[in-house]
Each structure stands twice: as structure tokens, then as C-alpha cells.
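Q: As input, take my_file30.txt (compact mmCIF, C-alpha atoms):
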# COMPACT_ATOMS: atom_id res chain seq x y z
CA MET A 14 75.31 -55.03 79.92
CA GLN A 15 76.20 -58.07 77.82
CA TYR A 16 72.50 -58.73 77.15
CA GLY A 17 71.99 -55.10 76.10
CA ARG A 18 74.91 -55.28 73.67
CA LYS A 19 73.53 -58.46 72.08
CA LEU A 20 70.12 -56.83 71.76
CA SER A 21 71.68 -53.80 70.01
CA PHE A 22 73.49 -56.04 67.54
CA SER A 23 70.22 -57.87 66.86
CA VAL A 24 68.43 -54.61 66.12
CA ILE A 25 71.20 -53.55 63.72
CA ALA A 26 71.07 -56.92 61.97
CA LEU A 27 67.32 -56.63 61.56
CA PHE A 28 67.70 -53.10 60.15
CA LEU A 29 70.33 -54.24 57.62
CA ALA A 30 68.18 -57.18 56.61
CA ALA A 31 65.17 -54.90 56.12
CA THR A 32 67.26 -52.50 54.02
CA THR A 33 68.51 -55.35 51.83
CA LEU A 34 64.99 -56.70 51.44
CA SER A 35 63.77 -53.22 50.42
CA SER A 36 66.42 -53.06 47.67
CA VAL A 37 65.51 -56.54 46.43
CA THR A 38 61.85 -55.55 46.44
CA LEU A 39 62.68 -52.50 44.29
CA ALA A 40 64.50 -54.76 41.83
CA ARG A 41 61.53 -57.08 41.64
CA ASP A 42 59.18 -54.11 41.10
CA VAL A 43 60.24 -54.23 37.43
CA PRO A 44 60.20 -57.79 36.08
CA PHE A 45 62.72 -58.49 33.33
CA VAL A 46 60.91 -58.51 30.00
CA PRO A 47 63.27 -58.09 27.02
CA THR A 48 62.59 -55.23 24.61
CA PRO A 49 62.23 -56.58 21.04
CA GLU A 50 65.07 -55.62 18.70
CA PRO A 51 62.93 -53.45 16.35
CA VAL A 52 61.69 -51.49 19.37
CA VAL A 53 65.25 -51.00 20.64
CA ARG A 54 66.29 -49.70 17.23
CA GLU A 55 63.36 -47.27 17.12
CA MET A 56 64.16 -46.00 20.63
CA LEU A 57 67.74 -45.25 19.60
CA LYS A 58 66.57 -43.67 16.36
CA LEU A 59 64.16 -41.36 18.20
CA ALA A 60 66.93 -40.32 20.59
CA LYS A 61 69.18 -39.60 17.56
CA ILE A 62 72.00 -41.70 18.95
CA GLY A 63 75.39 -41.27 17.28
CA LYS A 64 79.07 -41.85 17.89
CA ASP A 65 79.26 -38.98 20.40
CA SER A 66 76.30 -40.21 22.48
CA LEU A 67 76.46 -41.62 25.99
CA VAL A 68 73.31 -43.68 26.53
CA TYR A 69 72.15 -44.55 30.05
CA ASP A 70 69.66 -47.43 30.11
CA LEU A 71 67.87 -47.59 33.46
CA GLY A 72 66.75 -51.12 34.23
CA SER A 73 69.09 -52.45 31.59
CA GLY A 74 68.29 -56.17 31.88
CA ASP A 75 70.53 -58.16 29.52
CA GLY A 76 72.11 -54.97 28.15
CA ARG A 77 70.62 -55.10 24.67
CA ILE A 78 69.89 -51.36 24.39
CA VAL A 79 73.38 -50.10 25.24
CA ILE A 80 74.94 -52.95 23.27
CA MET A 81 72.99 -52.03 20.11
CA ALA A 82 73.82 -48.33 20.69
CA ALA A 83 77.52 -49.24 20.74
CA LYS A 84 77.52 -51.83 17.96
CA GLU A 85 75.28 -50.10 15.40
CA TYR A 86 75.75 -46.40 16.24
CA GLY A 87 79.26 -46.26 17.70
CA ALA A 88 77.92 -44.77 20.93
CA ARG A 89 79.04 -45.44 24.49
CA GLY A 90 76.58 -46.87 26.98
CA VAL A 91 75.93 -47.42 30.67
CA GLY A 92 73.44 -50.03 31.81
CA VAL A 93 72.02 -49.77 35.32
CA ASP A 94 70.27 -52.66 37.02
CA ILE A 95 69.88 -53.74 40.64
CA ASP A 96 69.78 -57.44 39.78
CA PRO A 97 73.29 -59.00 39.76
CA GLU A 98 72.18 -61.75 37.38
CA ARG A 99 71.09 -59.20 34.80
CA ILE A 100 74.36 -57.30 35.22
CA ALA A 101 76.30 -60.53 34.58
CA ASP A 102 74.18 -61.19 31.49
CA GLY A 103 74.84 -57.68 30.19
CA ARG A 104 78.59 -57.96 30.60
CA ALA A 105 78.68 -61.37 28.94
CA ASN A 106 76.54 -60.15 26.03
CA ALA A 107 78.70 -57.04 25.56
CA LYS A 108 81.80 -59.23 25.39
CA ARG A 109 80.17 -61.53 22.81
CA ALA A 110 79.17 -58.48 20.76
CA GLY A 111 82.72 -57.10 20.91
CA VAL A 112 81.71 -53.81 22.54
CA GLU A 113 82.89 -54.34 26.12
CA ASP A 114 85.21 -51.34 25.65
CA LYS A 115 82.23 -49.09 24.85
CA VAL A 116 79.71 -50.14 27.49
CA LYS A 117 79.75 -50.69 31.21
CA PHE A 118 77.19 -51.95 33.68
CA ILE A 119 76.44 -50.62 37.14
CA GLU A 120 74.80 -52.86 39.71
CA GLY A 121 72.78 -50.49 41.83
CA ASP A 122 69.64 -48.49 42.52
CA LEU A 123 68.71 -46.39 39.48
CA PHE A 124 67.48 -43.65 41.82
CA LYS A 125 71.01 -43.27 43.22
CA VAL A 126 73.09 -43.40 40.04
CA ASP A 127 74.53 -40.08 38.85
CA LEU A 128 72.86 -39.32 35.49
CA ARG A 129 74.66 -36.06 34.75
CA PRO A 130 77.07 -37.52 32.16
CA ALA A 131 74.22 -38.96 30.06
CA THR A 132 73.37 -37.49 26.66
CA ALA A 133 70.34 -39.80 26.32
CA VAL A 134 68.30 -41.97 28.69
CA THR A 135 66.25 -45.05 27.81
CA LEU A 136 63.66 -46.72 30.02
CA TYR A 137 61.53 -49.85 30.17
CA LEU A 138 60.20 -49.61 33.69
CA LEU A 139 56.66 -49.21 35.06
CA PRO A 140 54.39 -46.12 35.09
CA ASP A 141 54.75 -45.33 38.81
CA ILE A 142 58.54 -45.73 38.66
CA ASN A 143 58.73 -43.47 35.61
CA VAL A 144 56.82 -40.77 37.49
CA ARG A 145 58.98 -41.19 40.61
CA LEU A 146 62.08 -40.94 38.43
CA ARG A 147 60.96 -37.74 36.69
CA PRO A 148 62.31 -35.23 39.28
CA LYS A 149 65.73 -36.87 39.13
CA LEU A 150 65.78 -36.68 35.34
CA MET A 151 64.80 -33.00 35.45
CA LYS A 152 67.45 -32.20 38.05
CA GLU A 153 70.43 -34.09 36.65
CA LEU A 154 70.04 -34.14 32.87
CA ARG A 155 70.96 -31.19 30.68
CA PRO A 156 68.17 -29.34 28.84
CA GLY A 157 67.50 -30.97 25.50
CA THR A 158 68.55 -34.46 26.63
CA PRO A 159 66.26 -37.06 25.01
CA VAL A 160 64.40 -39.51 27.25
CA VAL A 161 62.83 -42.52 25.50
CA SER A 162 60.51 -45.02 27.19
CA HIS A 163 59.20 -48.34 25.95
CA ALA A 164 55.52 -49.02 26.78
CA PHE A 165 54.97 -46.55 29.62
CA ASP A 166 54.56 -42.78 29.75
CA MET A 167 55.51 -40.12 32.32
CA GLY A 168 52.13 -39.21 33.78
CA ASP A 169 51.15 -35.62 33.01
CA TRP A 170 54.41 -34.91 31.16
CA GLU A 171 53.07 -35.23 27.63
CA PRO A 172 55.36 -36.99 25.13
CA GLU A 173 56.54 -35.08 22.10
CA VAL A 174 56.45 -38.21 19.96
CA THR A 175 54.47 -41.43 20.35
CA LYS A 176 55.19 -44.27 17.93
CA THR A 177 54.00 -47.85 17.58
CA VAL A 178 56.54 -50.49 16.59
CA ASP A 179 55.57 -54.16 16.28
CA GLY A 180 52.60 -53.54 18.55
CA ALA A 181 54.71 -51.78 21.21
CA THR A 182 54.48 -48.08 22.09
CA VAL A 183 57.55 -45.87 22.31
CA TYR A 184 57.53 -42.37 23.84
CA LEU A 185 60.00 -39.50 23.40
CA TRP A 186 60.57 -36.42 25.56
CA HIS A 187 63.37 -33.85 25.83
CA ILE A 188 64.36 -32.39 29.20
CA PRO A 189 62.92 -28.84 29.21
CA ALA A 190 65.10 -25.80 29.88
CA ARG A 191 64.14 -23.45 32.69
CA ALA A 192 62.48 -20.51 31.03
CA SER A 193 60.81 -18.73 33.95
CA GLY A 194 61.80 -15.10 34.39
CA VAL A 195 61.81 -11.79 32.55
CA TRP A 196 63.35 -11.45 29.09
CA GLU A 197 63.83 -8.30 27.02
CA TYR A 198 64.48 -7.78 23.33
CA ARG A 199 63.88 -5.31 20.50
CA LEU A 200 61.94 -6.25 17.39
CA ARG A 201 62.43 -4.56 14.03
CA THR A 202 58.97 -3.99 12.58
CA ALA A 203 57.85 -4.31 8.97
CA HIS A 204 57.93 -0.50 8.70
CA GLY A 205 61.60 -0.30 9.63
CA GLY A 206 61.11 0.80 13.25
CA ASP A 207 62.03 -0.87 16.54
CA GLU A 208 59.58 -2.23 19.08
CA GLN A 209 60.65 -2.98 22.66
CA HIS A 210 59.34 -6.32 23.95
CA ARG A 211 59.32 -7.64 27.52
CA LEU A 212 58.52 -11.32 27.96
CA HIS A 213 57.57 -12.39 31.49
CA ILE A 214 57.21 -16.16 31.96
CA THR A 215 55.45 -16.38 35.31
CA ASN A 216 54.92 -20.12 35.52
CA GLN A 217 56.54 -23.23 34.06
CA ASP A 218 54.85 -26.57 34.66
CA ILE A 219 57.29 -29.11 33.20
CA ASP A 220 56.97 -28.26 29.49
CA LYS A 221 54.08 -25.77 29.65
CA VAL A 222 54.66 -22.05 30.22
CA GLN A 223 52.40 -19.14 31.08
CA GLY A 224 53.00 -15.42 31.21
CA THR A 225 52.73 -12.15 29.31
CA VAL A 226 54.45 -10.18 26.60
CA THR A 227 54.53 -6.40 26.78
CA MET A 228 54.78 -4.85 23.33
CA ASP A 229 54.60 -1.19 22.48
CA GLY A 230 53.35 -0.45 25.99
CA GLN A 231 50.58 -3.10 25.94
CA SER A 232 50.60 -6.47 27.70
CA PHE A 233 49.22 -9.65 26.14
CA ALA A 234 48.83 -13.13 27.56
CA ILE A 235 51.00 -15.74 25.90
CA GLU A 236 49.03 -18.66 24.48
CA ASN A 237 49.98 -22.24 23.64
CA GLY A 238 53.22 -21.84 25.57
CA ARG A 239 55.41 -24.95 25.36
CA ILE A 240 59.07 -25.73 25.84
CA SER A 241 60.59 -28.83 24.28
CA GLY A 242 64.19 -29.23 25.36
CA GLU A 243 65.68 -25.81 24.70
CA ARG A 244 63.02 -24.82 22.16
CA LEU A 245 60.44 -22.30 23.45
CA ARG A 246 57.24 -21.69 21.47
CA PHE A 247 54.14 -19.58 22.12
CA THR A 248 51.62 -17.37 20.36
CA VAL A 249 50.17 -13.93 21.08
CA THR A 250 46.93 -12.51 19.72
CA ARG A 251 47.02 -8.71 19.28
CA SER A 252 45.66 -5.87 17.22
CA LEU A 253 48.12 -4.75 14.57
CA ASN A 254 47.45 -2.09 11.94
CA GLY A 255 43.72 -2.31 12.64
CA ALA A 256 43.54 -6.09 12.34
CA THR A 257 43.58 -8.90 14.91
CA VAL A 258 46.57 -11.10 14.26
CA THR A 259 48.18 -14.10 15.94
CA GLN A 260 51.95 -13.90 16.10
CA ARG A 261 54.10 -16.99 16.57
CA PHE A 262 57.15 -16.68 18.79
CA GLU A 263 59.97 -19.21 18.90
CA GLY A 264 63.46 -19.26 20.39
CA ARG A 265 66.14 -21.44 21.96
CA VAL A 266 66.72 -21.04 25.71
CA ALA A 267 70.43 -21.14 26.51
CA GLY A 268 71.18 -20.07 30.07
CA ASP A 269 70.35 -16.39 30.35
CA ARG A 270 69.71 -15.94 26.64
CA ILE A 271 66.97 -16.97 24.26
CA ALA A 272 68.92 -17.26 21.03
CA ASP A 273 67.45 -17.21 17.52
CA MET A 274 64.21 -15.71 18.83
CA THR A 275 61.77 -15.24 15.96
CA VAL A 276 58.44 -13.45 15.70
CA ALA A 277 56.90 -14.06 12.30
CA ASP A 278 59.89 -13.29 10.01
CA SER A 279 61.84 -11.11 12.47
CA ARG A 280 64.89 -12.42 14.34
CA MET A 281 66.51 -11.23 17.57
CA VAL A 282 68.16 -12.39 20.79
CA ALA A 283 66.35 -12.05 24.11
CA GLN A 284 68.33 -11.39 27.27
CA ARG A 285 67.13 -12.35 30.74
CA ALA A 286 66.39 -9.05 32.50
CA ARG A 287 67.13 -10.37 35.97
CA PRO A 288 68.30 -13.69 37.43
CA THR A 289 65.69 -16.21 38.47
CA SER A 290 65.38 -17.02 42.13
Let me see the structure of the file written as C-alpha cells.
A:
Amino acid sequence: MQYGRKLSFSVIALFLAATTLSSVTLARDVPFVPTPEPVVREMLKLAKIGKDSLVYDLGSGDGRIVIMAAKEYGARGVGVDIDPERIADGRANAKRAGVEDKVKFIEGDLFKVDLRPATAVTLYLLPDINVRLRPKLMKELRPGTPVVSHAFDMGDWEPEVTKTVDGATVYLWHIPARASGVWEYRLRTAHGGDEQHRLHITNQDIDKVQGTVTMDGQSFAIENGRISGERLRFTVTRSLNGATVTQRFEGRVAGDRIADMTVADSRMVAQRARPTS
């Protein structure tokens, strides 16, 4: 019995050692390479950081991104890094910069940190980690939250903005709202009448949407369907007054409403016809 107990303790010790090694390996997956100051400034500019912002920097290194956000923009910041040396550097640098009351640093796995409070997220990771992180960003961040990455993209999630600063590439995305479902609205036509529209978004693949619009009893496929943050855009080609025209639709998805919906020069509010599953 005593031998069996010792063996069990040995197995547990090996498991804990393997778990610790796995965490250290994750930390070493992203070597610390400081982001140049002009690139940091451009990242914060693209994210439109201001005094009401709460910036989460994942893989924060020496803390320079959240420190600049606090010092130059008045924002608050949270740096996340699994390496205790980098966390110590970040705290020391924040104190030297006089912004220790505006920023904090979390030593931990960026895949386990709660991102829901963030109003902006910055990254300087690696391509495969960015892609692995994407579902967490989509799940926890509010629609419209800016995500800015230095050097590496997000796979098939196309950036809205790509900029080059001092030879470095910076990418910007906004977390897309969930637009799938059926929406209904009435459109006032140029002749003073009303036209009932039914928008059915059947598929949303990150920021791309597909579906149909039923207008005046006829259904048309939506084209060029994209959603950037809360902003939904698509076109429809139809016959109108004997001519083939392309109409541009745009609106802001807010829960069960698409506010400020416009078609050409007409404005209305679309209401979700039934809850999404």
C-alpha cells in the first residue's frame, strides 16, 4: 500500500511538471520582440484610443503599448503576459512613466484571461496564435471592438485596414455583430409609396454575409455582403422602372434592430422578425 501511494504521488508530480512545462512552452511560443514606438502609436491611432478606452494588450512584453495608451491618450490598460520577467518589466516601466494608477499587468495565459471588459485589443503574437485566439475574441468582445495586430494577420478574416509604418505592417479589424436572421422594414419609394422589404441573412462567415432581400413580392440575392463591427453593407441588383439598377444598402446592427438602415437616399429601421437560434 505504501508503495502504491508513493507511485500515485509520483504520477501527480509528473502531471504537474508537464502542465507547468506546457505553460512555459506557450510563453516561449512568442519571443519578446519590442514593438517600435511609431508602430505602437499607429496601432493606438487606428483603434481610436481615448480617455474612455480600456486597452488589453495580449503578450504585453515590457508594457509599452498600454503605457503609451495611458500616458498619451489618457486611457486605461491591461497587459497580459505569461512571462513573469516581462510582467515585472511592465510594472516597473509603468511606475517610471507615472501611469501605474492607469495600467495593470496580469501574469497568465492569454487564452484564459477574461476579455469582456476590453474596448480595444492589441496584439503582437504569431499567425497561428492569432488564428487560435480568434474564436475567443469573437465570443468575448462586444461588436465594434477594434482589434489591432502588429506584423501578423488573422488568417481568412480579412483586415479592414492595412498600414505600413517604418517597414512594419499593422492590421485593423472590428469584431462583427451577429446579423444572421430575418429582418423586416418598409421603404418609402421615390413616388411617395411604401414598399415592404424582408431581409433574410442565411449565412454569416466572420465578416461576410449571404442571403436574400424580398422586395415588392420578388426575392433578390444580396451581393457584396460585409459586416464591419456593427456596420452592415450589401448591394442588390434589380429591375426598377424598366431599368436594371444596383441599390446599396447600409445599416447598423444593434441587437434585434438594424438602425439607420439606408437604401440609396431612403432611411428606415429594420426589426428582426424572429429571434435567431
Q: Rank A:Ser232, A:Thr225, A:Ser162, A:Thr257 by their smallest atom-to-atom distance to A:Leu212, using all atoms listed in the file, and report the top residue only.
A: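 Selected residue with least distance to A:Leu212: A:Thr225.
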Q: If I take atom CA of A:Met81 and atom CA of A:Phe165, how far is one from the other in Å, to one decimal?
A: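 Atom CA of A:Phe165 lies at a distance of 21.1 Å from atom CA of A:Met81.
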Q: What's the separation between atom CA of A:Ser193 and atom CA of A:Arg244, in Å to one decimal place?
A: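 Computed distance, atom CA of A:Ser193 to atom CA of A:Arg244, equals 13.5 Å.
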Q: What is the distance, in Å and to one decimal place, between atom CA of A:Leu71 and atom CA of A:Ala88?
A: 16.3 Å
Q: When you look at A:Ile271 with a cut-off of 12 Å (counting only C-alpha atoms), what residues show up, excluding the ones that are within fewer than 2 positions of it in the same chain? I need them as a ChimeraX atom specification.
A: /A:190-198,212,240,243-246,262-269,273-275,280-286
Q: Of the residues A:Lys125, A:Ile80, A:Val53, A:Ile95, which is the one nearest to A:Gly111, using only C-alpha atoms?
A: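 Selected residue with least distance to A:Gly111: A:Ile80.
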Q: Just checking: using all atoms listed in the file, which residue out of A:Asp75, A:Asp65, A:Asp166, A:Asp70 ends up closest to A:Arg89?
A: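 Looking at the shortest contact to A:Arg89, the residue is A:Asp65.
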Q: Hey, which of A:Leu139, A:Ile214, A:Leu146, A:Val79 ends up closest to A:Glu113? Count all atoms listed in the file.
A: A:Val79
Q: Which polymer residues, protein or nucleic acid, are no farther than 12 Å from (57.9, -46.5, 25.7), counting only C-alpha atoms, as a PyMOL selection string?
A: chain A and resi 48-49+52-53+55-57+59+134-140+143+160-167+172+174-178+180-186
Q: I'd like the neighbourhood of A:Lys84 as a list of chain:residue names, where a residue qualifies if any of its atoms comes within 12 Å (using only C-alpha atoms), though same-chain residues fewer than 2 positions away should be ignored.
A: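 Counting only C-alpha atoms, the residues come to A:Arg54, A:Leu57, A:Ile62, A:Gly63, A:Lys64, A:Gly76, A:Arg77, A:Ile78, A:Val79, A:Ile80, A:Met81, A:Ala82, A:Tyr86, A:Gly87, A:Ala88, A:Arg89, A:Gly90, A:Asn106, A:Ala107, A:Lys108, A:Arg109, A:Ala110, A:Gly111, A:Val112, A:Glu113, A:Asp114, A:Lys115, A:Val116.
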Q: As a PyMOL selection string, please: the residues near A:Ser73 (cut-off 6 Å, all atoms listed in the file, same-chain neighbours under 6 positions excluded).
A: chain A and resi 92-94
Q: Go ahead and write the residues just picked, C-alpha atoms, as a PDB file, keeping the file's coordinate frame.
A:
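Output (selection.pdb):
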ATOM      1  CA  GLY A  92      73.440 -50.030  31.810  1.00  0.00           C
ATOM      2  CA  VAL A  93      72.020 -49.770  35.320  1.00  0.00           C
ATOM      3  CA  ASP A  94      70.270 -52.660  37.020  1.00  0.00           C
TER       4      ASP A  94
END
Q: Between A:Arg261, A:Gln209, A:Asp169, A:Phe233, which one has atoms that come closest to A:Lys221, using all atoms listed in the file?
A: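 Distance minimum relative to A:Lys221 lands on A:Asp169.
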